[in-house]
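Working notes, structure below.
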Amino acid sequence: MASPSGAATDPAERRELLSAGDVARTVARMAHQVIEKTALDAANRASVVLLGIPSRGAPLAARLAEKIAEFSGVKVPVGALDVTLYRDDLRRKPARPLEHTQLPECGVDDRLVVLVDDVLFSGRTVRAALDALRDHGRPSAVQLAVLVDRGHRELPIRADYVGKNVPTARSEDIAVHLSEVDGDDGVYLSQGGQR
Amino acid sequence: MKHLLSAADLDLDTATAVLDTAAELKATLLGREVRKLPTLRGRTVITMFYENSTRTRVSFEIAGKWMSADVINVSASGSSVNKGESLRDTALTLSAAGADCVIVRHPASGAAHRLAGWLGHTGTGVVNAGDGMHEHPTQALLDAATLRERLGDLRGRRIGIVGDILHSRVARSNVHLLATLGAEVVLIAPPTLVPAGVEAWKVPVSYNLDAELPGLDAVMLLRVQAERMHGGFFPSAREYSIAYGLNENRMKLLPEHAIVLHPGPMLRGMEISSAVADSERPAIVDQVSNGVHVRMAVLYHLLIGTEGNAL
């Protein structure tokens, strides 16, 4: 689940968990892990598709694909999958704007889909993404890649690729900044309360 | 947003939010295996149609069903309305039966407003699907969605609304919404089909279609509503068609990029010639498919979220 942008937070109150350089190195490491785990460089490789969950999962998926192409020479199709219409808290929160869904032309049927998001928290966003994915087709398998795993799962869901594990208190906020969305790169921890 | 009664109730932010939602819904439904979203599971939507309709009723029904709402259609014939039940009692019955939202079309102007007043305490939302000669806000929204798709931002675009303005709820809703979205509207009609008090709309009125066509980014044709005409508004259908019908020669006066809209049902040979209707230019088929996405967006903004939330 994407945390609210840290743009409004006072920089003095927030602690940097990952610098811009750390974010780049973390994404590169995750790209290597995806290549290894899906045997992307093997002759009989699985046909992998990366699907980012907006807003910040989508640019993250694009960066991951870029690194994967750089390291393995394989161009992996990338897309974005908005899960707003599949959330389980629709009755509790006001209607929110939908984000853009764009599936790669190859679709997801019989593909190994890697869902990409910035923060893994309760797991409810991923649950919604799995439901959304089912309406788009039948992947051969689904994996999950997240930049930050902050714990506090409310559903039996785990990530296959984790950039950084961050033990947090429930009240704290994790803000992932990506230059495509926020103008800068970095991951910050702050005392919550504005939620 | 609890009710959608008039396009005039939509401010720029709300209208833009609904149109953006509709565009995203269209994108997300494109090419998918299962055209069904779980978003409105467990919600009940009832359509009450006291007037004939094909596209509006069907598109509301599809919109509700694609979002997994339970949609029930009530038409005046075939319900207790035929036994003499009043609109108020029918609406209260449907609300008590569990409707989260009623979609109403009625020949009397203002019917949707009265209904919203009667149902105010029940939590049932009301969507105006056309009330007499007053308003048809979802039609204006789907027209705006189609215009945005073809023309981009509507600020500064000039849209001509042509024909039977007097009897047209589509024209009224479009004048409000297009003004909110920043477009310039010009009404083009014979003097007998311009409503009294049109000055209050603050839009120019022209009696000469040929003079206006070259300056338009879009032309919106209206159906000549014979069923509401009691009296002579123009000498003959042929004469109307000669002065205000869009034919192939008039199409040449329109700029290349300009698009043609018609809310349907079309009267070929009256306000539009068959050759124009069947050509590539009109966006009439797009209007119908956008109608489904816009109505999904309206139901989404109306039924999602906590009780009584503001959009």
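Each chain of the structure tokens is named A, B, ... in the order shown, its residues numbered from 1; ligands are numbered from 1 in display order.
Counting only C-alpha atoms, every residue of chain A that comes within 9 Å of chain B is listed here: Leu81, Asp82, Thr84, Leu85, Tyr86, Arg87, Asp88, Asp89, Leu90, Arg91, Arg92, Lys93, Pro94, Ala95, Arg96, Pro97, Leu98, Glu99, His100, Thr101, Gln102, Leu103, Gly107, Ala132, Arg134, Asp135, His136 and Gly137 of chain A.
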10 Å contact set for Leu147 of chain A, only C-alpha atoms, chain neighbours under 5 positions out, as a list in words: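 So the residues in contact are Val23, Thr26, Val27, Met30, Gly57, Leu60, Val116, Asp117, Asp118, Val119, Leu120, Ala159, Tyr161, Val162, Gly163, Lys164, Asn165, Val176 and Val187 of chain A.
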Produce a file of the selected residues containing N, CA and C atoms, as a compact mmCIF listing (two decimals), in the first residue's frame.
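Output saved as again_8.txt:
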# COMPACT_ATOMS: atom_id res chain seq x y z
N VAL A 23 18.36 3.54 -3.50
CA VAL A 23 17.19 3.10 -4.27
C VAL A 23 17.66 2.47 -5.59
N THR A 26 19.28 -0.85 -4.90
CA THR A 26 18.27 -1.84 -4.49
C THR A 26 17.50 -2.37 -5.70
N VAL A 27 17.10 -1.45 -6.59
CA VAL A 27 16.37 -1.87 -7.79
C VAL A 27 17.26 -2.79 -8.64
N MET A 30 17.35 -6.18 -7.07
CA MET A 30 16.09 -6.89 -7.30
C MET A 30 16.03 -7.41 -8.74
N GLY A 57 4.20 1.90 -7.94
CA GLY A 57 4.63 0.60 -8.43
C GLY A 57 4.88 0.62 -9.93
N LEU A 60 8.28 1.98 -10.80
CA LEU A 60 9.22 1.01 -10.25
C LEU A 60 9.35 -0.20 -11.18
N VAL A 116 4.55 -5.53 -8.99
CA VAL A 116 5.55 -4.64 -8.42
C VAL A 116 4.87 -3.52 -7.66
N ASP A 117 5.24 -3.31 -6.39
CA ASP A 117 4.69 -2.19 -5.63
C ASP A 117 5.80 -1.58 -4.78
N ASP A 118 5.55 -0.36 -4.27
CA ASP A 118 6.60 0.29 -3.49
C ASP A 118 6.68 -0.26 -2.08
N VAL A 119 5.53 -0.33 -1.38
CA VAL A 119 5.56 -0.75 0.02
C VAL A 119 4.60 -1.93 0.22
N LEU A 120 5.06 -2.95 0.92
CA LEU A 120 4.17 -4.04 1.32
C LEU A 120 3.84 -3.85 2.79
N ALA A 159 6.21 -11.47 -0.04
CA ALA A 159 6.84 -11.03 -1.28
C ALA A 159 7.93 -12.00 -1.71
N TYR A 161 10.42 -10.93 -3.86
CA TYR A 161 11.60 -10.07 -3.95
C TYR A 161 11.38 -8.87 -3.06
N VAL A 162 12.29 -8.64 -2.13
CA VAL A 162 12.15 -7.51 -1.21
C VAL A 162 13.41 -6.66 -1.31
N GLY A 163 13.23 -5.37 -1.58
CA GLY A 163 14.37 -4.46 -1.63
C GLY A 163 14.95 -4.25 -0.26
N LYS A 164 14.12 -3.92 0.70
CA LYS A 164 14.59 -3.70 2.07
C LYS A 164 13.48 -4.04 3.05
N ASN A 165 13.84 -4.83 4.06
CA ASN A 165 12.91 -5.11 5.15
C ASN A 165 13.06 -4.02 6.20
N VAL A 176 7.80 6.43 0.16
CA VAL A 176 8.72 6.14 -0.93
C VAL A 176 8.61 7.28 -1.94
N VAL A 187 13.68 6.80 0.38
CA VAL A 187 12.66 6.19 1.23
C VAL A 187 12.82 6.77 2.63
From the DSSP assignment of the backbone, select every residue of segment 5-89 of chain A that is alpha helix (DSSP H), and format the answer as a PDB file with N, CA and C atoms, in the first residue's frame.
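So the final result, stored in part.pdb, reads:
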ATOM      1  N   ALA A  20      18.945   8.218  -2.572  1.00  0.00           N
ATOM      2  CA  ALA A  20      18.703   8.036  -4.004  1.00  0.00           C
ATOM      3  C   ALA A  20      19.621   6.932  -4.553  1.00  0.00           C
ATOM      4  N   GLY A  21      20.881   6.946  -4.121  1.00  0.00           N
ATOM      5  CA  GLY A  21      21.824   5.920  -4.557  1.00  0.00           C
ATOM      6  C   GLY A  21      21.400   4.539  -4.088  1.00  0.00           C
ATOM      7  N   ASP A  22      20.910   4.474  -2.827  1.00  0.00           N
ATOM      8  CA  ASP A  22      20.443   3.178  -2.286  1.00  0.00           C
ATOM      9  C   ASP A  22      19.272   2.640  -3.100  1.00  0.00           C
ATOM     10  N   VAL A  23      18.359   3.538  -3.497  1.00  0.00           N
ATOM     11  CA  VAL A  23      17.187   3.101  -4.274  1.00  0.00           C
ATOM     12  C   VAL A  23      17.657   2.470  -5.589  1.00  0.00           C
ATOM     13  N   ALA A  24      18.604   3.148  -6.254  1.00  0.00           N
ATOM     14  CA  ALA A  24      19.110   2.636  -7.535  1.00  0.00           C
ATOM     15  C   ALA A  24      19.785   1.268  -7.345  1.00  0.00           C
ATOM     16  N   ARG A  25      20.613   1.151  -6.297  1.00  0.00           N
ATOM     17  CA  ARG A  25      21.298  -0.132  -6.042  1.00  0.00           C
ATOM     18  C   ARG A  25      20.302  -1.218  -5.687  1.00  0.00           C
ATOM     19  N   THR A  26      19.276  -0.852  -4.898  1.00  0.00           N
ATOM     20  CA  THR A  26      18.271  -1.839  -4.488  1.00  0.00           C
ATOM     21  C   THR A  26      17.500  -2.367  -5.697  1.00  0.00           C
ATOM     22  N   VAL A  27      17.102  -1.447  -6.590  1.00  0.00           N
ATOM     23  CA  VAL A  27      16.373  -1.871  -7.786  1.00  0.00           C
ATOM     24  C   VAL A  27      17.263  -2.787  -8.636  1.00  0.00           C
ATOM     25  N   ALA A  28      18.541  -2.431  -8.741  1.00  0.00           N
ATOM     26  CA  ALA A  28      19.471  -3.258  -9.529  1.00  0.00           C
ATOM     27  C   ALA A  28      19.578  -4.653  -8.922  1.00  0.00           C
ATOM     28  N   ARG A  29      19.661  -4.720  -7.581  1.00  0.00           N
ATOM     29  CA  ARG A  29      19.773  -6.026  -6.935  1.00  0.00           C
ATOM     30  C   ARG A  29      18.511  -6.855  -7.170  1.00  0.00           C
ATOM     31  N   MET A  30      17.352  -6.176  -7.069  1.00  0.00           N
ATOM     32  CA  MET A  30      16.089  -6.891  -7.296  1.00  0.00           C
ATOM     33  C   MET A  30      16.026  -7.414  -8.741  1.00  0.00           C
ATOM     34  N   ALA A  31      16.545  -6.631  -9.674  1.00  0.00           N
ATOM     35  CA  ALA A  31      16.560  -7.071 -11.076  1.00  0.00           C
ATOM     36  C   ALA A  31      17.369  -8.364 -11.220  1.00  0.00           C
ATOM     37  N   HIS A  32      18.552  -8.395 -10.552  1.00  0.00           N
ATOM     38  CA  HIS A  32      19.354  -9.622 -10.581  1.00  0.00           C
ATOM     39  C   HIS A  32      18.580 -10.791  -9.996  1.00  0.00           C
ATOM     40  N   GLN A  33      17.875 -10.555  -8.909  1.00  0.00           N
ATOM     41  CA  GLN A  33      17.117 -11.633  -8.255  1.00  0.00           C
ATOM     42  C   GLN A  33      16.009 -12.156  -9.165  1.00  0.00           C
ATOM     43  N   VAL A  34      15.337 -11.217  -9.873  1.00  0.00           N
ATOM     44  CA  VAL A  34      14.263 -11.650 -10.779  1.00  0.00           C
ATOM     45  C   VAL A  34      14.864 -12.519 -11.891  1.00  0.00           C
ATOM     46  N   ILE A  35      16.001 -12.077 -12.430  1.00  0.00           N
ATOM     47  CA  ILE A  35      16.653 -12.839 -13.504  1.00  0.00           C
ATOM     48  C   ILE A  35      16.992 -14.240 -13.022  1.00  0.00           C
ATOM     49  N   GLU A  36      17.544 -14.310 -11.807  1.00  0.00           N
ATOM     50  CA  GLU A  36      17.978 -15.595 -11.275  1.00  0.00           C
ATOM     51  C   GLU A  36      16.791 -16.511 -10.977  1.00  0.00           C
ATOM     52  N   LYS A  37      15.812 -15.963 -10.275  1.00  0.00           N
ATOM     53  CA  LYS A  37      14.707 -16.789  -9.816  1.00  0.00           C
ATOM     54  C   LYS A  37      13.810 -17.256 -10.968  1.00  0.00           C
ATOM     55  N   GLY A  57       4.201   1.896  -7.939  1.00  0.00           N
ATOM     56  CA  GLY A  57       4.633   0.598  -8.433  1.00  0.00           C
ATOM     57  C   GLY A  57       4.877   0.618  -9.935  1.00  0.00           C
ATOM     58  N   ALA A  58       4.142   1.510 -10.646  1.00  0.00           N
ATOM     59  CA  ALA A  58       4.247   1.532 -12.107  1.00  0.00           C
ATOM     60  C   ALA A  58       5.627   2.012 -12.577  1.00  0.00           C
ATOM     61  N   PRO A  59       6.123   3.164 -12.065  1.00  0.00           N
ATOM     62  CA  PRO A  59       7.484   3.563 -12.471  1.00  0.00           C
ATOM     63  C   PRO A  59       8.549   2.595 -11.955  1.00  0.00           C
ATOM     64  N   LEU A  60       8.282   1.980 -10.801  1.00  0.00           N
ATOM     65  CA  LEU A  60       9.223   1.011 -10.250  1.00  0.00           C
ATOM     66  C   LEU A  60       9.353  -0.196 -11.181  1.00  0.00           C
ATOM     67  N   ALA A  61       8.226  -0.641 -11.726  1.00  0.00           N
ATOM     68  CA  ALA A  61       8.240  -1.772 -12.657  1.00  0.00           C
ATOM     69  C   ALA A  61       9.035  -1.413 -13.916  1.00  0.00           C
ATOM     70  N   ALA A  62       8.872  -0.161 -14.380  1.00  0.00           N
ATOM     71  CA  ALA A  62       9.597   0.271 -15.580  1.00  0.00           C
ATOM     72  C   ALA A  62      11.106   0.280 -15.318  1.00  0.00           C
ATOM     73  N   ARG A  63      11.496   0.751 -14.118  1.00  0.00           N
ATOM     74  CA  ARG A  63      12.924   0.773 -13.780  1.00  0.00           C
ATOM     75  C   ARG A  63      13.496  -0.645 -13.689  1.00  0.00           C
ATOM     76  N   LEU A  64      12.691  -1.533 -13.087  1.00  0.00           N
ATOM     77  CA  LEU A  64      13.114  -2.918 -12.933  1.00  0.00           C
ATOM     78  C   LEU A  64      13.340  -3.554 -14.304  1.00  0.00           C
ATOM     79  N   ALA A  65      12.401  -3.284 -15.220  1.00  0.00           N
ATOM     80  CA  ALA A  65      12.504  -3.847 -16.574  1.00  0.00           C
ATOM     81  C   ALA A  65      13.753  -3.325 -17.281  1.00  0.00           C
ATOM     82  N   GLU A  66      14.053  -2.045 -17.050  1.00  0.00           N
ATOM     83  CA  GLU A  66      15.220  -1.440 -17.672  1.00  0.00           C
ATOM     84  C   GLU A  66      16.498  -2.132 -17.184  1.00  0.00           C
ATOM     85  N   LYS A  67      16.566  -2.367 -15.875  1.00  0.00           N
ATOM     86  CA  LYS A  67      17.745  -3.031 -15.291  1.00  0.00           C
ATOM     87  C   LYS A  67      17.842  -4.483 -15.776  1.00  0.00           C
ATOM     88  N   ILE A  68      16.684  -5.151 -15.855  1.00  0.00           N
ATOM     89  CA  ILE A  68      16.674  -6.548 -16.305  1.00  0.00           C
ATOM     90  C   ILE A  68      17.204  -6.626 -17.736  1.00  0.00           C
ATOM     91  N   ALA A  69      16.787  -5.672 -18.584  1.00  0.00           N
ATOM     92  CA  ALA A  69      17.271  -5.638 -19.968  1.00  0.00           C
ATOM     93  C   ALA A  69      18.780  -5.392 -19.990  1.00  0.00           C
ATOM     94  N   GLU A  70      19.237  -4.509 -19.109  1.00  0.00           N
ATOM     95  CA  GLU A  70      20.661  -4.170 -19.060  1.00  0.00           C
ATOM     96  C   GLU A  70      21.510  -5.391 -18.654  1.00  0.00           C
ATOM     97  N   PHE A  71      21.009  -6.145 -17.661  1.00  0.00           N
ATOM     98  CA  PHE A  71      21.812  -7.247 -17.109  1.00  0.00           C
ATOM     99  C   PHE A  71      21.675  -8.543 -17.898  1.00  0.00           C
ATOM    100  N   SER A  72      20.494  -8.788 -18.494  1.00  0.00           N
ATOM    101  CA  SER A  72      20.270 -10.088 -19.120  1.00  0.00           C
ATOM    102  C   SER A  72      20.052  -9.981 -20.628  1.00  0.00           C
TER     103      SER A  72
END
Who sits within 8 Å of Leu17 of chain A, only C-alpha atoms, same chain under 5 positions skipped, as a PyMOL selection string: chain A and resi 186-189
For those residues, write all heavy atoms to a file as a PDB file, in the first residue's frame.
ATOM      1  N   GLY A 186      14.104   8.318  -2.903  1.00  0.00           N
ATOM      2  CA  GLY A 186      14.462   8.115  -1.502  1.00  0.00           C
ATOM      3  C   GLY A 186      13.337   7.420  -0.759  1.00  0.00           C
ATOM      4  O   GLY A 186      12.191   7.395  -1.224  1.00  0.00           O
ATOM      5  N   VAL A 187      13.679   6.798   0.383  1.00  0.00           N
ATOM      6  CA  VAL A 187      12.664   6.186   1.233  1.00  0.00           C
ATOM      7  C   VAL A 187      12.822   6.767   2.629  1.00  0.00           C
ATOM      8  O   VAL A 187      13.932   6.825   3.166  1.00  0.00           O
ATOM      9  CB  VAL A 187      12.807   4.653   1.271  1.00  0.00           C
ATOM     10  CG1 VAL A 187      11.775   4.050   2.228  1.00  0.00           C
ATOM     11  CG2 VAL A 187      12.643   4.064  -0.123  1.00  0.00           C
ATOM     12  N   TYR A 188      11.728   7.227   3.212  1.00  0.00           N
ATOM     13  CA  TYR A 188      11.767   7.937   4.492  1.00  0.00           C
ATOM     14  C   TYR A 188      10.804   7.315   5.476  1.00  0.00           C
ATOM     15  O   TYR A 188       9.724   6.836   5.114  1.00  0.00           O
ATOM     16  CB  TYR A 188      11.418   9.416   4.292  1.00  0.00           C
ATOM     17  CG  TYR A 188      12.301  10.093   3.279  1.00  0.00           C
ATOM     18  CD1 TYR A 188      11.899  10.198   1.953  1.00  0.00           C
ATOM     19  CD2 TYR A 188      13.542  10.601   3.646  1.00  0.00           C
ATOM     20  CE1 TYR A 188      12.714  10.787   1.012  1.00  0.00           C
ATOM     21  CE2 TYR A 188      14.368  11.203   2.712  1.00  0.00           C
ATOM     22  CZ  TYR A 188      13.952  11.288   1.391  1.00  0.00           C
ATOM     23  OH  TYR A 188      14.759  11.874   0.476  1.00  0.00           O
ATOM     24  N   LEU A 189      11.197   7.357   6.737  1.00  0.00           N
ATOM     25  CA  LEU A 189      10.340   6.884   7.833  1.00  0.00           C
ATOM     26  C   LEU A 189       9.988   8.090   8.679  1.00  0.00           C
ATOM     27  O   LEU A 189      10.856   8.895   9.029  1.00  0.00           O
ATOM     28  CB  LEU A 189      11.109   5.864   8.691  1.00  0.00           C
ATOM     29  CG  LEU A 189      10.370   5.319   9.910  1.00  0.00           C
ATOM     30  CD1 LEU A 189       9.313   4.312   9.483  1.00  0.00           C
ATOM     31  CD2 LEU A 189      11.344   4.675  10.877  1.00  0.00           C
TER      32      LEU A 189
END
Top pick for closest residue to Ser236 of chain B, considering B:Glu135, B:His293, B:Met270, B:Ala211 and counting only C-alpha atoms: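 Answer, going by the shortest atom-to-atom distance: B:Met270.
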In Å, with one decimal, what is the gap from atom CA of Leu151 of chain B to atom CA of Ser279 of chain B? 18.7 Å
Neighbour list for His136 of chain B as a VMD selection string, cut-off 6 Å, only C-alpha atoms, skip fewer than 6 positions in-chain: chain B and resid 129 to 130 169 to 170 173
Go ahead and save the picked residues with C-alpha atoms, as a JSON list (two decimals), in the first residue's frame.
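Okay, this is what ended up in out_4.json:
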[["chain", "number", "residue", "atom", "x", "y", "z"],
["B", 129, "ALA", "CA", -32.13, 9.87, -16.46],
["B", 130, "GLY", "CA", -34.21, 12.54, -18.17],
["B", 169, "ARG", "CA", -33.31, 18.21, -21.89],
["B", 170, "VAL", "CA", -30.09, 17.16, -23.59],
["B", 173, "SER", "CA", -27.77, 19.74, -19.51]]
10 Å contact set for Ser140 of chain A, only C-alpha atoms, chain neighbours under 3 positions out, as a compact mmCIF listing (two decimals) with N, CA, C and O atoms, in the first residue's frame:
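For reference, selection-v4.txt as written:
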# COMPACT_ATOMS: atom_id res chain seq x y z
N ALA A 46 10.98 -18.72 -18.73
CA ALA A 46 9.56 -18.41 -18.61
C ALA A 46 9.33 -17.04 -19.24
O ALA A 46 10.22 -16.21 -19.30
N SER A 47 8.12 -16.82 -19.77
CA SER A 47 7.84 -15.50 -20.34
C SER A 47 7.30 -14.60 -19.23
O SER A 47 6.16 -14.72 -18.81
N VAL A 48 8.18 -13.71 -18.77
CA VAL A 48 7.88 -12.88 -17.61
C VAL A 48 7.21 -11.58 -18.06
O VAL A 48 7.54 -11.03 -19.10
N VAL A 108 -1.70 -11.44 -20.13
CA VAL A 108 -1.10 -12.13 -18.99
C VAL A 108 -1.31 -13.64 -19.04
O VAL A 108 -0.80 -14.37 -18.19
N ASP A 109 -2.06 -14.11 -20.04
CA ASP A 109 -2.33 -15.55 -20.12
C ASP A 109 -1.02 -16.34 -20.22
O ASP A 109 -0.17 -16.05 -21.05
N ASP A 110 -0.89 -17.34 -19.37
CA ASP A 110 0.25 -18.26 -19.37
C ASP A 110 1.59 -17.56 -19.20
O ASP A 110 2.63 -18.10 -19.58
N ARG A 111 1.58 -16.36 -18.64
CA ARG A 111 2.82 -15.64 -18.36
C ARG A 111 3.15 -15.76 -16.88
O ARG A 111 2.27 -16.01 -16.05
N LEU A 112 4.43 -15.52 -16.58
CA LEU A 112 4.81 -15.40 -15.18
C LEU A 112 4.73 -13.92 -14.85
O LEU A 112 5.53 -13.12 -15.32
N VAL A 113 3.69 -13.55 -14.10
CA VAL A 113 3.46 -12.14 -13.80
C VAL A 113 4.16 -11.78 -12.49
O VAL A 113 3.97 -12.44 -11.48
N GLY A 137 -6.99 -12.39 -17.16
CA GLY A 137 -6.50 -13.60 -17.79
C GLY A 137 -6.01 -14.59 -16.74
O GLY A 137 -6.25 -14.43 -15.55
Write out as a PyMOL selection string the set of residues from chain A that DSSP, computed on the backbone, places in strand (DSSP E). chain A and resi 14-18+48-52+78-80+112-120+141-149+161-165+172-177+186-191
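Our summary of the geometry notes that atom CA of Ala15 of chain B is positioned 10.1 Å from atom CA of Leu178 of chain B.
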For segment 242-256 of chain B, list every protein, DNA or RNA residue within 12 Å, evaluated using only C-alpha atoms, and leave out those in the same chain fewer than 6 positions away; present the list as number ranges by chain. B: 151, 158-164, 187-191, 193, 206-224, 234-236, 262, 266-282
Tell me, as a PyMOL selection string, which residues lie within 6 Å of Thr47 of chain B, counting only C-alpha atoms; anything in the same chain fewer than 5 positions away does not count. chain B and resi 73-74+102-104
What would the file look like if the residues just selected were written as a CSV table (one decimal), in the first residue's frame with all heavy atoms?
chain,number,residue,atom,x,y,z
B,73,ASN,N,-35.1,-3.5,-13.3
B,73,ASN,CA,-35.8,-2.5,-14.1
B,73,ASN,C,-37.3,-2.5,-13.8
B,73,ASN,O,-37.9,-3.6,-13.8
B,73,ASN,CB,-35.6,-2.9,-15.6
B,73,ASN,CG,-34.1,-2.8,-16.0
B,73,ASN,OD1,-33.4,-1.8,-15.6
B,73,ASN,ND2,-33.6,-3.8,-16.6
B,74,VAL,N,-37.8,-1.3,-13.6
B,74,VAL,CA,-39.2,-1.1,-13.4
B,74,VAL,C,-39.7,-0.2,-14.5
B,74,VAL,O,-39.1,0.9,-14.6
B,74,VAL,CB,-39.5,-0.5,-12.0
B,74,VAL,CG1,-41.0,-0.2,-11.9
B,74,VAL,CG2,-39.0,-1.4,-10.9
B,102,VAL,N,-32.0,4.9,-7.1
B,102,VAL,CA,-33.0,4.8,-8.2
B,102,VAL,C,-32.6,5.7,-9.3
B,102,VAL,O,-32.2,6.8,-9.1
B,102,VAL,CB,-34.4,5.1,-7.7
B,102,VAL,CG1,-35.1,3.9,-7.2
B,102,VAL,CG2,-34.5,6.2,-6.7
B,103,ILE,N,-32.8,5.2,-10.5
B,103,ILE,CA,-32.5,5.9,-11.7
B,103,ILE,C,-33.8,6.2,-12.4
B,103,ILE,O,-34.6,5.2,-12.7
B,103,ILE,CB,-31.6,5.1,-12.6
B,103,ILE,CG1,-30.2,5.0,-12.0
B,103,ILE,CG2,-31.5,5.7,-14.0
B,103,ILE,CD1,-29.4,3.9,-12.4
B,104,VAL,N,-34.2,7.4,-12.5
B,104,VAL,CA,-35.6,7.7,-12.9
B,104,VAL,C,-35.6,8.5,-14.2
B,104,VAL,O,-34.9,9.5,-14.4
B,104,VAL,CB,-36.4,8.5,-11.8
B,104,VAL,CG1,-35.8,9.8,-11.5
B,104,VAL,CG2,-37.8,8.6,-12.1
Between A:Ala129, A:Cys106, A:Leu50, A:Ala80, which residue has the minimum interatomic distance to Ala145 of chain A, considering only C-alpha atoms?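 When distances to Ala145 of chain A are compared using only C-alpha atoms, the smallest one comes from A:Leu50.
Atom CA of Leu4 of chain B is found 6.1 Å from atom CA of Asn128 of chain B.
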Measuring between only C-alpha atoms, which one of A:Leu18, A:Ile157, A:Val83, A:Leu51 shows the shortest distance to Thr125 of chain A? A:Val83
